[in-house]
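Pasting query-v8.cif here (mmCIF, N, CA and C atoms):
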```cif
data_target
#
loop_
_atom_site.label_atom_id
_atom_site.label_comp_id
_atom_site.auth_asym_id
_atom_site.auth_seq_id
_atom_site.Cartn_x
_atom_site.Cartn_y
_atom_site.Cartn_z
N MET A 831 73.22 -32.28 117.64
CA MET A 831 73.73 -31.15 116.93
C MET A 831 73.01 -31.05 115.58
N ARG A 832 72.61 -29.84 115.21
CA ARG A 832 71.92 -29.61 113.94
C ARG A 832 72.85 -28.94 112.95
N TYR A 833 72.67 -29.31 111.68
CA TYR A 833 73.44 -28.71 110.60
C TYR A 833 72.47 -28.04 109.64
N ALA A 834 72.88 -26.96 109.05
CA ALA A 834 72.06 -26.28 108.06
C ALA A 834 72.84 -26.18 106.76
N LEU A 835 72.15 -26.40 105.66
CA LEU A 835 72.77 -26.24 104.35
C LEU A 835 72.53 -24.80 103.91
N ILE A 836 73.60 -24.13 103.56
CA ILE A 836 73.51 -22.73 103.16
C ILE A 836 73.97 -22.64 101.70
N PRO A 837 73.07 -22.19 100.79
CA PRO A 837 73.48 -22.05 99.39
C PRO A 837 74.51 -20.95 99.24
N ILE A 838 75.50 -21.18 98.39
CA ILE A 838 76.55 -20.20 98.16
C ILE A 838 76.54 -19.83 96.68
N ALA A 839 76.54 -18.54 96.40
CA ALA A 839 76.56 -18.07 95.01
C ALA A 839 77.99 -18.15 94.49
N LEU A 840 78.18 -18.83 93.36
CA LEU A 840 79.50 -19.00 92.79
C LEU A 840 79.69 -18.22 91.49
N ALA A 841 78.72 -17.46 91.08
CA ALA A 841 78.76 -16.79 89.78
C ALA A 841 79.94 -15.85 89.64
N GLY A 842 80.40 -15.25 90.71
CA GLY A 842 81.48 -14.28 90.61
C GLY A 842 82.87 -14.89 90.61
N LEU A 843 82.99 -16.18 90.83
CA LEU A 843 84.30 -16.81 90.88
C LEU A 843 84.91 -16.95 89.50
N ALA A 844 86.23 -16.85 89.44
CA ALA A 844 86.93 -17.02 88.16
C ALA A 844 86.69 -18.43 87.64
N GLY A 845 86.51 -18.53 86.33
CA GLY A 845 86.30 -19.85 85.72
C GLY A 845 84.87 -20.30 85.70
N ALA A 846 83.96 -19.54 86.31
CA ALA A 846 82.56 -19.94 86.28
C ALA A 846 82.02 -19.80 84.86
N ALA A 847 81.21 -20.75 84.44
CA ALA A 847 80.67 -20.74 83.08
C ALA A 847 79.65 -19.61 82.93
N ALA A 848 79.70 -18.95 81.80
CA ALA A 848 78.74 -17.88 81.51
C ALA A 848 77.41 -18.52 81.12
N PRO A 849 76.30 -17.87 81.44
CA PRO A 849 75.02 -18.45 81.07
C PRO A 849 74.90 -18.53 79.55
N ALA A 850 74.21 -19.57 79.09
CA ALA A 850 74.02 -19.77 77.65
C ALA A 850 73.15 -18.66 77.08
N ALA A 851 73.46 -18.25 75.88
CA ALA A 851 72.65 -17.22 75.21
C ALA A 851 71.29 -17.80 74.87
N PRO A 852 70.23 -17.02 75.05
CA PRO A 852 68.91 -17.53 74.74
C PRO A 852 68.79 -17.84 73.24
N ARG A 853 68.07 -18.92 72.94
CA ARG A 853 67.86 -19.30 71.54
C ARG A 853 66.88 -18.35 70.89
N GLU A 854 67.13 -18.05 69.64
CA GLU A 854 66.22 -17.21 68.88
C GLU A 854 64.93 -18.01 68.64
N ASP A 855 63.78 -17.35 68.78
CA ASP A 855 62.50 -18.01 68.58
C ASP A 855 62.23 -18.14 67.08
N PRO A 856 62.25 -19.37 66.54
CA PRO A 856 62.03 -19.54 65.10
C PRO A 856 60.60 -19.21 64.66
N LEU A 857 59.68 -19.10 65.60
CA LEU A 857 58.28 -18.79 65.25
C LEU A 857 57.99 -17.29 65.35
N ALA A 858 58.95 -16.50 65.79
CA ALA A 858 58.74 -15.06 65.94
C ALA A 858 58.38 -14.44 64.59
N GLY A 859 57.34 -13.63 64.58
CA GLY A 859 56.91 -12.96 63.36
C GLY A 859 56.04 -13.81 62.45
N ARG A 860 55.78 -15.03 62.83
CA ARG A 860 54.95 -15.93 62.03
C ARG A 860 53.52 -15.95 62.56
N VAL A 861 52.60 -16.34 61.71
CA VAL A 861 51.19 -16.38 62.07
C VAL A 861 50.74 -17.84 62.14
N ALA A 862 50.11 -18.20 63.26
CA ALA A 862 49.62 -19.58 63.44
C ALA A 862 48.37 -19.80 62.62
N GLY A 863 48.29 -20.98 62.01
CA GLY A 863 47.11 -21.39 61.27
C GLY A 863 46.32 -22.43 62.04
N LYS A 864 45.40 -23.09 61.36
CA LYS A 864 44.55 -24.10 61.98
C LYS A 864 45.33 -25.41 62.12
N ALA A 865 45.29 -26.00 63.30
CA ALA A 865 46.00 -27.25 63.57
C ALA A 865 45.39 -28.39 62.77
N VAL A 866 46.25 -29.33 62.35
CA VAL A 866 45.82 -30.52 61.60
C VAL A 866 46.36 -31.76 62.31
N ASP A 867 45.80 -32.91 61.96
CA ASP A 867 46.23 -34.16 62.59
C ASP A 867 47.48 -34.77 61.98
N CYS A 868 47.71 -34.54 60.67
CA CYS A 868 48.84 -35.18 59.99
C CYS A 868 49.54 -34.21 59.04
N VAL A 869 50.84 -34.46 58.80
CA VAL A 869 51.61 -33.75 57.79
C VAL A 869 52.36 -34.80 56.96
N ASP A 870 52.60 -34.48 55.70
CA ASP A 870 53.33 -35.37 54.80
C ASP A 870 54.80 -35.33 55.18
N ARG A 871 55.34 -36.46 55.61
CA ARG A 871 56.71 -36.46 56.12
C ARG A 871 57.75 -36.21 55.04
N SER A 872 57.40 -36.41 53.76
CA SER A 872 58.35 -36.12 52.69
C SER A 872 58.46 -34.61 52.44
N GLN A 873 57.54 -33.84 53.00
CA GLN A 873 57.52 -32.39 52.80
C GLN A 873 58.15 -31.62 53.96
N VAL A 874 58.52 -32.32 55.04
CA VAL A 874 59.05 -31.62 56.22
C VAL A 874 60.46 -32.08 56.54
N GLY A 875 61.21 -31.17 57.12
CA GLY A 875 62.55 -31.47 57.60
C GLY A 875 62.57 -31.31 59.11
N GLY A 876 63.53 -31.88 59.72
CA GLY A 876 63.62 -31.79 61.17
C GLY A 876 63.71 -33.18 61.74
N PRO A 877 63.42 -33.33 62.93
CA PRO A 877 62.79 -32.42 63.87
C PRO A 877 63.79 -31.49 64.56
N ASP A 878 63.26 -30.40 65.07
CA ASP A 878 64.01 -29.47 65.90
C ASP A 878 63.31 -29.49 67.26
N ILE A 879 63.95 -30.10 68.24
CA ILE A 879 63.35 -30.25 69.56
C ILE A 879 63.52 -28.95 70.34
N VAL A 880 62.40 -28.37 70.77
CA VAL A 880 62.42 -27.12 71.53
C VAL A 880 62.54 -27.42 73.02
N ASP A 881 61.68 -28.28 73.52
CA ASP A 881 61.68 -28.68 74.93
C ASP A 881 60.97 -30.02 75.04
N ASN A 882 60.63 -30.45 76.25
CA ASN A 882 60.05 -31.79 76.43
C ASN A 882 58.57 -31.86 76.06
N ARG A 883 58.02 -30.79 75.48
CA ARG A 883 56.62 -30.77 75.05
C ARG A 883 56.43 -30.26 73.62
N THR A 884 57.52 -29.79 72.97
CA THR A 884 57.38 -29.10 71.69
C THR A 884 58.45 -29.52 70.69
N ILE A 885 58.01 -29.85 69.47
CA ILE A 885 58.91 -30.21 68.38
C ILE A 885 58.52 -29.38 67.16
N LEU A 886 59.52 -28.88 66.43
CA LEU A 886 59.27 -28.13 65.20
C LEU A 886 59.73 -28.94 63.99
N TYR A 887 58.96 -28.84 62.91
CA TYR A 887 59.32 -29.43 61.62
C TYR A 887 59.26 -28.32 60.58
N ARG A 888 60.31 -28.15 59.80
CA ARG A 888 60.34 -27.10 58.77
C ARG A 888 59.86 -27.67 57.45
N GLN A 889 58.90 -26.99 56.84
CA GLN A 889 58.41 -27.40 55.52
C GLN A 889 59.10 -26.58 54.44
N SER A 890 59.30 -25.32 54.71
CA SER A 890 59.95 -24.42 53.75
C SER A 890 60.41 -23.20 54.52
N LEU A 891 60.97 -22.24 53.81
CA LEU A 891 61.33 -20.99 54.48
C LEU A 891 60.08 -20.28 54.99
N LYS A 892 58.96 -20.50 54.30
CA LYS A 892 57.72 -19.83 54.67
C LYS A 892 56.98 -20.52 55.82
N ARG A 893 57.03 -21.84 55.90
CA ARG A 893 56.19 -22.57 56.87
C ARG A 893 57.01 -23.46 57.81
N ILE A 894 56.65 -23.38 59.09
CA ILE A 894 57.17 -24.28 60.12
C ILE A 894 55.96 -24.90 60.81
N TRP A 895 56.02 -26.21 61.01
CA TRP A 895 54.95 -26.90 61.75
C TRP A 895 55.39 -27.08 63.19
N ARG A 896 54.53 -26.68 64.12
CA ARG A 896 54.80 -26.86 65.55
C ARG A 896 53.95 -28.02 66.04
N ASN A 897 54.61 -29.00 66.67
CA ASN A 897 53.88 -30.13 67.23
C ASN A 897 53.93 -30.01 68.74
N ASP A 898 52.75 -29.86 69.34
CA ASP A 898 52.62 -29.81 70.80
C ASP A 898 52.24 -31.22 71.25
N LEU A 899 53.17 -31.88 71.92
CA LEU A 899 52.98 -33.27 72.32
C LEU A 899 51.76 -33.43 73.22
N GLU A 900 51.25 -34.65 73.26
CA GLU A 900 50.08 -34.94 74.09
C GLU A 900 50.38 -34.75 75.57
N GLY A 901 51.63 -34.85 75.95
CA GLY A 901 52.06 -34.63 77.33
C GLY A 901 53.57 -34.45 77.34
N ALA A 902 54.12 -34.11 78.49
CA ALA A 902 55.57 -33.96 78.60
C ALA A 902 56.24 -35.30 78.30
N CYS A 903 57.36 -35.25 77.62
CA CYS A 903 58.10 -36.46 77.24
C CYS A 903 59.42 -36.48 78.00
N PRO A 904 59.53 -37.34 79.01
CA PRO A 904 60.77 -37.42 79.79
C PRO A 904 61.98 -37.73 78.89
N GLY A 905 63.04 -37.01 79.08
CA GLY A 905 64.26 -37.25 78.32
C GLY A 905 64.32 -36.57 76.97
N LEU A 906 63.25 -35.87 76.57
CA LEU A 906 63.26 -35.18 75.28
C LEU A 906 63.99 -33.85 75.45
N ARG A 907 65.16 -33.76 74.80
CA ARG A 907 66.00 -32.57 74.88
C ARG A 907 66.49 -32.23 73.48
N PRO A 908 66.94 -30.99 73.27
CA PRO A 908 67.38 -30.58 71.94
C PRO A 908 68.44 -31.48 71.30
N ALA A 909 69.31 -32.12 72.05
CA ALA A 909 70.36 -32.95 71.46
C ALA A 909 69.90 -34.38 71.15
N ALA A 910 68.70 -34.74 71.54
CA ALA A 910 68.21 -36.11 71.37
C ALA A 910 67.88 -36.41 69.90
N THR A 911 67.92 -37.68 69.57
CA THR A 911 67.48 -38.18 68.27
C THR A 911 66.13 -38.84 68.49
N LEU A 912 65.19 -38.58 67.58
CA LEU A 912 63.87 -39.19 67.70
C LEU A 912 63.79 -40.47 66.88
N ILE A 913 63.21 -41.49 67.48
CA ILE A 913 62.92 -42.75 66.80
C ILE A 913 61.40 -42.80 66.72
N VAL A 914 60.86 -42.51 65.53
CA VAL A 914 59.41 -42.38 65.35
C VAL A 914 58.86 -43.61 64.66
N GLU A 915 57.76 -44.14 65.18
CA GLU A 915 57.05 -45.24 64.53
C GLU A 915 56.08 -44.62 63.53
N VAL A 916 56.43 -44.71 62.25
CA VAL A 916 55.61 -44.09 61.21
C VAL A 916 54.88 -45.17 60.44
N TYR A 917 53.61 -44.95 60.20
CA TYR A 917 52.78 -45.86 59.42
C TYR A 917 52.30 -45.10 58.19
N GLY A 918 52.86 -45.41 57.03
CA GLY A 918 52.49 -44.69 55.82
C GLY A 918 53.41 -43.51 55.58
N SER A 919 52.90 -42.55 54.81
CA SER A 919 53.72 -41.43 54.38
C SER A 919 53.54 -40.18 55.22
N GLN A 920 52.79 -40.27 56.32
CA GLN A 920 52.52 -39.08 57.12
C GLN A 920 52.94 -39.25 58.56
N LEU A 921 53.28 -38.11 59.18
CA LEU A 921 53.44 -38.04 60.63
C LEU A 921 52.10 -37.59 61.16
N CYS A 922 51.57 -38.30 62.15
CA CYS A 922 50.22 -37.99 62.63
C CYS A 922 50.17 -37.87 64.15
N SER A 923 49.19 -37.12 64.59
CA SER A 923 48.90 -37.02 66.01
C SER A 923 48.65 -38.43 66.54
N GLY A 924 49.27 -38.76 67.64
CA GLY A 924 49.12 -40.08 68.23
C GLY A 924 50.24 -41.04 67.86
N ASP A 925 51.05 -40.72 66.82
CA ASP A 925 52.19 -41.58 66.48
C ASP A 925 53.15 -41.62 67.66
N ARG A 926 53.68 -42.82 67.92
CA ARG A 926 54.61 -43.00 69.04
C ARG A 926 56.04 -42.73 68.61
N PHE A 927 56.84 -42.24 69.56
CA PHE A 927 58.27 -42.06 69.33
C PHE A 927 59.01 -42.22 70.65
N GLN A 928 60.33 -42.39 70.52
CA GLN A 928 61.22 -42.44 71.67
C GLN A 928 62.36 -41.46 71.43
N ALA A 929 62.83 -40.84 72.48
CA ALA A 929 63.99 -39.96 72.41
C ALA A 929 65.22 -40.78 72.76
N HIS A 930 66.28 -40.63 71.97
CA HIS A 930 67.52 -41.34 72.22
C HIS A 930 68.61 -40.31 72.46
N GLU A 931 69.13 -40.29 73.68
CA GLU A 931 70.18 -39.33 74.06
C GLU A 931 71.52 -39.77 73.49
N PRO A 932 72.35 -38.82 73.03
CA PRO A 932 73.70 -39.18 72.55
C PRO A 932 74.48 -39.89 73.65
N GLY A 933 75.14 -40.96 73.29
CA GLY A 933 75.93 -41.72 74.24
C GLY A 933 75.14 -42.73 75.05
N SER A 934 73.83 -42.72 74.91
CA SER A 934 72.98 -43.66 75.64
C SER A 934 72.76 -44.91 74.80
N VAL A 935 72.60 -46.02 75.46
CA VAL A 935 72.36 -47.28 74.76
C VAL A 935 70.86 -47.56 74.66
N ILE A 936 70.11 -47.12 75.64
CA ILE A 936 68.69 -47.42 75.72
C ILE A 936 67.88 -46.16 75.44
N PRO A 937 66.92 -46.22 74.49
CA PRO A 937 66.08 -45.04 74.24
C PRO A 937 65.14 -44.78 75.42
N GLY A 938 64.61 -43.57 75.46
CA GLY A 938 63.69 -43.18 76.52
C GLY A 938 62.33 -43.85 76.37
N PRO A 939 61.38 -43.46 77.22
CA PRO A 939 60.04 -44.04 77.16
C PRO A 939 59.29 -43.59 75.91
N TYR A 940 58.23 -44.33 75.58
CA TYR A 940 57.40 -43.94 74.43
C TYR A 940 56.62 -42.67 74.76
N CYS A 941 56.57 -41.78 73.79
CA CYS A 941 55.78 -40.56 73.88
C CYS A 941 54.93 -40.48 72.61
N ARG A 942 53.98 -39.56 72.58
CA ARG A 942 53.09 -39.45 71.43
C ARG A 942 53.08 -38.03 70.87
N LEU A 943 53.08 -37.97 69.53
CA LEU A 943 52.96 -36.68 68.86
C LEU A 943 51.57 -36.10 69.09
N GLY A 944 51.48 -34.80 69.08
CA GLY A 944 50.19 -34.11 69.19
C GLY A 944 49.78 -33.59 67.83
N ARG A 945 48.92 -32.59 67.81
CA ARG A 945 48.47 -31.98 66.55
C ARG A 945 49.55 -31.06 66.01
N PHE A 946 49.52 -30.83 64.71
CA PHE A 946 50.49 -30.00 64.02
C PHE A 946 49.86 -28.65 63.68
N THR A 947 50.49 -27.57 64.14
CA THR A 947 50.00 -26.22 63.87
C THR A 947 50.98 -25.54 62.90
N PRO A 948 50.47 -25.05 61.74
CA PRO A 948 51.36 -24.36 60.81
C PRO A 948 51.63 -22.93 61.27
N TYR A 949 52.85 -22.49 61.13
CA TYR A 949 53.24 -21.10 61.39
C TYR A 949 53.85 -20.57 60.11
N ASP A 950 53.19 -19.59 59.51
CA ASP A 950 53.63 -19.04 58.23
C ASP A 950 54.10 -17.61 58.38
N LEU A 951 55.04 -17.24 57.52
CA LEU A 951 55.43 -15.83 57.44
C LEU A 951 54.28 -15.06 56.79
N PRO A 952 53.97 -13.87 57.29
CA PRO A 952 52.88 -13.10 56.67
C PRO A 952 53.27 -12.65 55.26
N ALA A 953 52.26 -12.57 54.40
CA ALA A 953 52.50 -12.12 53.02
C ALA A 953 52.90 -10.63 53.05
N LYS A 954 53.81 -10.28 52.17
CA LYS A 954 54.27 -8.88 52.13
C LYS A 954 53.68 -8.15 50.97
#
```
What would the structure in this file look like if it were written as structure tokens?
Amino acid sequence: MRYALIPIALAGLAGAAAPAAPREDPLAGRVAGKAVDCVDRSQVGGPDIVDNRTILYRQSLKRIWRNDLEGACPGLRPAATLIVEVYGSQLCSGDRFQAHEPGSVIPGPYCRLGRFTPYDLPAK
């Protein structure tokens, strides 16, 4: 006897969770500059994790640095805390970090930062 799995749509049922509202793009309306290898960590705030390949650091209202990781980082999610191995006063491409999920005892695998691209608001 054969069985088939048939997907059932549950969206119309009472009590079903509504889809999450899309996040506003913090880089919208900004202009990308030339990527650099390092940024002064005392000048940036964050991180703001976008997805498993992208992290944002805010320098000011005018500038946000976008870091595109060297590869996808398993376990990197917006709620995670980053444990970064920093040498000196700068965050640099190639620096290692681990993502630590809330409620987890063990941090995720090591991942590496990529280059930092500045995104500035255009002058008015």
Could you spell out the hits of the PyMOL selection byres ((chain A and resi 859-869) around 5) on the shown file, as a PDB file with N, CA and C atoms, in the coordinates of the input?
```
ATOM      1  N   LEU A 857      59.680 -19.100  65.600  1.00  0.00           N
ATOM      2  CA  LEU A 857      58.280 -18.790  65.250  1.00  0.00           C
ATOM      3  C   LEU A 857      57.990 -17.290  65.350  1.00  0.00           C
ATOM      4  N   ALA A 858      58.950 -16.500  65.790  1.00  0.00           N
ATOM      5  CA  ALA A 858      58.740 -15.060  65.940  1.00  0.00           C
ATOM      6  C   ALA A 858      58.380 -14.440  64.590  1.00  0.00           C
ATOM      7  N   ASP A 870      52.600 -34.480  55.700  1.00  0.00           N
ATOM      8  CA  ASP A 870      53.330 -35.370  54.800  1.00  0.00           C
ATOM      9  C   ASP A 870      54.800 -35.330  55.180  1.00  0.00           C
ATOM     10  N   ARG A 871      55.340 -36.460  55.610  1.00  0.00           N
ATOM     11  CA  ARG A 871      56.710 -36.460  56.120  1.00  0.00           C
ATOM     12  C   ARG A 871      57.750 -36.210  55.040  1.00  0.00           C
ATOM     13  N   GLN A 920      52.790 -40.270  56.320  1.00  0.00           N
ATOM     14  CA  GLN A 920      52.520 -39.080  57.120  1.00  0.00           C
ATOM     15  C   GLN A 920      52.940 -39.250  58.560  1.00  0.00           C
ATOM     16  N   LEU A 921      53.280 -38.110  59.180  1.00  0.00           N
ATOM     17  CA  LEU A 921      53.440 -38.040  60.630  1.00  0.00           C
ATOM     18  C   LEU A 921      52.100 -37.590  61.160  1.00  0.00           C
ATOM     19  N   CYS A 922      51.570 -38.300  62.150  1.00  0.00           N
ATOM     20  CA  CYS A 922      50.220 -37.990  62.630  1.00  0.00           C
ATOM     21  C   CYS A 922      50.170 -37.870  64.150  1.00  0.00           C
ATOM     22  N   SER A 923      49.190 -37.120  64.590  1.00  0.00           N
ATOM     23  CA  SER A 923      48.900 -37.020  66.010  1.00  0.00           C
ATOM     24  C   SER A 923      48.650 -38.430  66.540  1.00  0.00           C
ATOM     25  N   ARG A 945      48.920 -32.590  67.810  1.00  0.00           N
ATOM     26  CA  ARG A 945      48.470 -31.980  66.550  1.00  0.00           C
ATOM     27  C   ARG A 945      49.550 -31.060  66.010  1.00  0.00           C
ATOM     28  N   PHE A 946      49.520 -30.830  64.710  1.00  0.00           N
ATOM     29  CA  PHE A 946      50.490 -30.000  64.020  1.00  0.00           C
ATOM     30  C   PHE A 946      49.860 -28.650  63.680  1.00  0.00           C
ATOM     31  N   THR A 947      50.490 -27.570  64.140  1.00  0.00           N
ATOM     32  CA  THR A 947      50.000 -26.220  63.870  1.00  0.00           C
ATOM     33  C   THR A 947      50.980 -25.540  62.900  1.00  0.00           C
ATOM     34  N   PRO A 948      50.470 -25.050  61.740  1.00  0.00           N
ATOM     35  CA  PRO A 948      51.360 -24.360  60.810  1.00  0.00           C
ATOM     36  C   PRO A 948      51.630 -22.930  61.270  1.00  0.00           C
ATOM     37  N   TYR A 949      52.850 -22.490  61.130  1.00  0.00           N
ATOM     38  CA  TYR A 949      53.240 -21.100  61.390  1.00  0.00           C
ATOM     39  C   TYR A 949      53.850 -20.570  60.110  1.00  0.00           C
ATOM     40  N   ASP A 950      53.190 -19.590  59.510  1.00  0.00           N
ATOM     41  CA  ASP A 950      53.630 -19.040  58.230  1.00  0.00           C
ATOM     42  C   ASP A 950      54.100 -17.610  58.380  1.00  0.00           C
ATOM     43  N   LEU A 951      55.040 -17.240  57.520  1.00  0.00           N
ATOM     44  CA  LEU A 951      55.430 -15.830  57.440  1.00  0.00           C
ATOM     45  C   LEU A 951      54.280 -15.060  56.790  1.00  0.00           C
TER      46      LEU A 951
END
```
Pairwise distance for atom CA of A:Pro908 and atom CA of A:Arg883, rounded to one decimal in Å: 11.2 Å
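Taking all atoms listed in the file into account, A:Ser890 lies nearest to A:Gly875 out of the set A:Gly933, A:Gly875, A:Pro904, A:Gly924.
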Members of chain A assigned strand (DSSP E or B) by DSSP, as an MDAnalysis selection string: chainID A and resid 861:862 866 868:870 875:881 884:888 893:898 911:914 920:922 926:930 940:942 946:950
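What separates atom CA of A:Asp881 from atom CA of A:Ser919 is a distance of 25.5 Å.
The two atoms in question, atom CA of A:Lys954 and atom CA of A:Pro856, are spaced 18.5 Å apart.
Shortest separation to A:Thr911 among A:Asp925, A:His930, A:Gln873, A:Trp895 occurs at residue A:His930, atoms counted being only N, CA and C atoms.
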Expansion of the PyMOL selection byres ((chain A and resi 902) around 7) into residues, as an MDAnalysis selection string: chainID A and resid 882:883 899:901 903:904 941
Can you write out the residues you just picked, keeping N, CA and C atoms, as a short mmCIF file (atom, residue, chain, number, x, y, z; two decimals), in the frame of the given file?
```
data_model
loop_
_atom_site.label_atom_id
_atom_site.label_comp_id
_atom_site.auth_asym_id
_atom_site.auth_seq_id
_atom_site.Cartn_x
_atom_site.Cartn_y
_atom_site.Cartn_z
N ASN A 882 60.63 -30.45 76.25
CA ASN A 882 60.05 -31.79 76.43
C ASN A 882 58.57 -31.86 76.06
N ARG A 883 58.02 -30.79 75.48
CA ARG A 883 56.62 -30.77 75.05
C ARG A 883 56.43 -30.26 73.62
N LEU A 899 53.17 -31.88 71.92
CA LEU A 899 52.98 -33.27 72.32
C LEU A 899 51.76 -33.43 73.22
N GLU A 900 51.25 -34.65 73.26
CA GLU A 900 50.08 -34.94 74.09
C GLU A 900 50.38 -34.75 75.57
N GLY A 901 51.63 -34.85 75.95
CA GLY A 901 52.06 -34.63 77.33
C GLY A 901 53.57 -34.45 77.34
N CYS A 903 57.36 -35.25 77.62
CA CYS A 903 58.10 -36.46 77.24
C CYS A 903 59.42 -36.48 78.00
N PRO A 904 59.53 -37.34 79.01
CA PRO A 904 60.77 -37.42 79.79
C PRO A 904 61.98 -37.73 78.89
N CYS A 941 56.57 -41.78 73.79
CA CYS A 941 55.78 -40.56 73.88
C CYS A 941 54.93 -40.48 72.61
#
```
Distance criterion (only C-alpha atoms): nearest to A:Phe927 out of A:Leu886, A:Ile913, A:Ile894, A:Leu906: A:Ile913
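With all atoms listed in the file as the atoms that count, the minimum distance from A:Pro952 to the choices A:Asp898, A:Val916, A:Ala909, A:Lys892 is reached by A:Lys892.
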